Structure formats: structure tokens, C-alpha cells
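Below is one structure; the comments refer to it alone.
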Amino acid sequence: MNGKNPHAGHRERFRQRFLNSEFDRLYEHELLELMLFYPRPVVNTNNISHALVDRFGSLSKVLTAERDELRDVKGVGSGGALFLKMMHDFGLDYLRRVNNFDTLSTQEQLYDFLSQKFCGSDAKLCILLCLGPRSELADTVTLPAADICNGIISQKELASMLLRSSASKVCAGINHGNGIPLPDDNDYLLAHTLAKLLSAIGIGFSDCIIFGSGNCFSMREKGAFAF
């Protein structure tokens, strides 16, 4: 019996597919499958990636999950859980260092950060910027805006994510893609939902900023919402 990895051909094709395509053209479970090639070199990571998304709901929730929760998923193991946490932490550190977003204390810095995150994407996402007492970026939580508005992610789950960041305040960014950066009914609902939750868990709500067609709109600055 030879020791050749039976998944080697598939993995090499998958790597080439990733290199020849754009990151956002891969499904979330495919990105997880690719990441897990490295800590889990001789197992079928496709099944594991599906199990992770089924358990946590999205790639962002997988990467912000606790290591013990990740280890509970069959096939992940201690090494896989550690690797996924490292991917999250290294990615966040990269944003801080490369983009010089050690602090997001001004409106211009917040606009620049959200513009870089949303530029080129039409996905209706909400990014929660978890800021420390000096407005330093402690963490980010990225979710489909509808998941927050429709209760697909529970208030308890969202509160847990935000409390783990040790944030003093949160600024929400909402992507309108190529649309007009003005708040619609869903944006008001999202802002209201976040305001109630953050007040209940003792975290400040600094602003809700809408990005669209290359421009940003501050709901606080324009008086569009009473936080």
C-alpha cells in the first residue's frame, strides 16, 4: 500500500482554482475547505467545512468561534481549531498594520476603512467594528445584514461575539454596493436592533455608516437615527 495522499490531485486542482479566480467567487465552505488543507493534510476537508458552516452558519462565525466549539466539530481537531483561530487573528493584525488602522478615531478613518472593505462588493453585509477605549480596532464581526434584522442570528449569539471582543463601542458599516448610500427601512431596523442590544450589554454605539457607490453616509452625523 503506498502512502500517497488520495486527495492530492483534488487539492492541487482546488489550489489552482483559487489562484486563477477571485476570492469572493468561492463559496464560504470552499474557502474553509481550502484553509483546512494545511492543518488536516490527509483527511477529506470538504465534509469538515460543510459541518462547520452547518454548525456556525457562516465563515465569519466559524472564524470568531471559540476553539473549544471548533474542536467539537468532527474532524477539526485541536490543530484545525488552532489554525482557524490563527487565520482570524493574523488577518485582523494584517488590517491593523498594513492599513494603519490602529485607531479609527476620525470619521475619515472610518470611511476609508469601510470603503476598502466594501469596494467592489454588492453583498448586503454589515460589518461591526469593535473599538477599544482609544478607538483602536479590537475586532470585526461581518454578517449578512438580513441575519441581524430577521433574527437569523440570535441576540444571544451576537452579544457573545461582541462581548468577546472587549469592545468599548461599536460602529456599524452597511454595504449598499452600487446603490445610493442613504438609509432604507432595513437599515433603520438594523440600527434600532443594534442600539437596543448594545445598550443592554453595556457597549456604546458610535455610528451606523452606509457605503454605496463609493461614498459613505453617517447616520449619526446626518441626524438620521437617535442613538
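Just so we're on the same page: first chain in the C-alpha cells is A, next is B, and so on; residues restart at 1 for each chain, and ligands are numbered from 1 in the order they show up.
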
* Can you pull out every residue within 8 Å of range 115-121 of chain A, counting only C-alpha atoms, but drop anything in the same chain fewer than 5 positions away, and send it as a list in words? => Asn175, Gly177, Phe211, Gly214, Asn215 and Cys216 of chain A

* To do: Write down as JSON, numbers by chain the residues of range 38-216 of chain A whose backbone DSSP state falls under helix (DSSP H, G or I).
  => {"A": [45, 46, 47, 48, 49, 50, 51, 52, 53, 54, 55, 56, 59, 60, 61, 62, 63, 64, 67, 68, 69, 70, 71, 77, 78, 79, 80, 81, 82, 83, 84, 85, 86, 87, 88, 89, 90, 91, 92, 93, 94, 95, 96, 97, 98, 107, 108, 109, 110, 111, 112, 113, 114, 115, 116, 117, 118, 145, 146, 147, 148, 149, 155, 156, 157, 158, 159, 160, 161, 162, 163, 164, 185, 186, 187, 188, 189, 190, 191, 192, 193, 194, 195, 196, 197, 198, 199, 200]}

* Tell me, as number ranges by chain, which residues lie within 10 Å of Ala191 in chain A, counting only C-alpha atoms; anything in the same chain fewer than 6 positions away does not count. => A: 148-149, 172, 174, 183, 185, 197, 205, 207-209, 219, 225-227

* Record the distance separating CA of Leu125 in chain A and CA of Ser199 in chain A, expressed in Å with one decimal. => 22.2 Å

* In Å to one decimal, how far is CA of Pro133 in chain A from CA of Ser105 in chain A? -> 10.1 Å
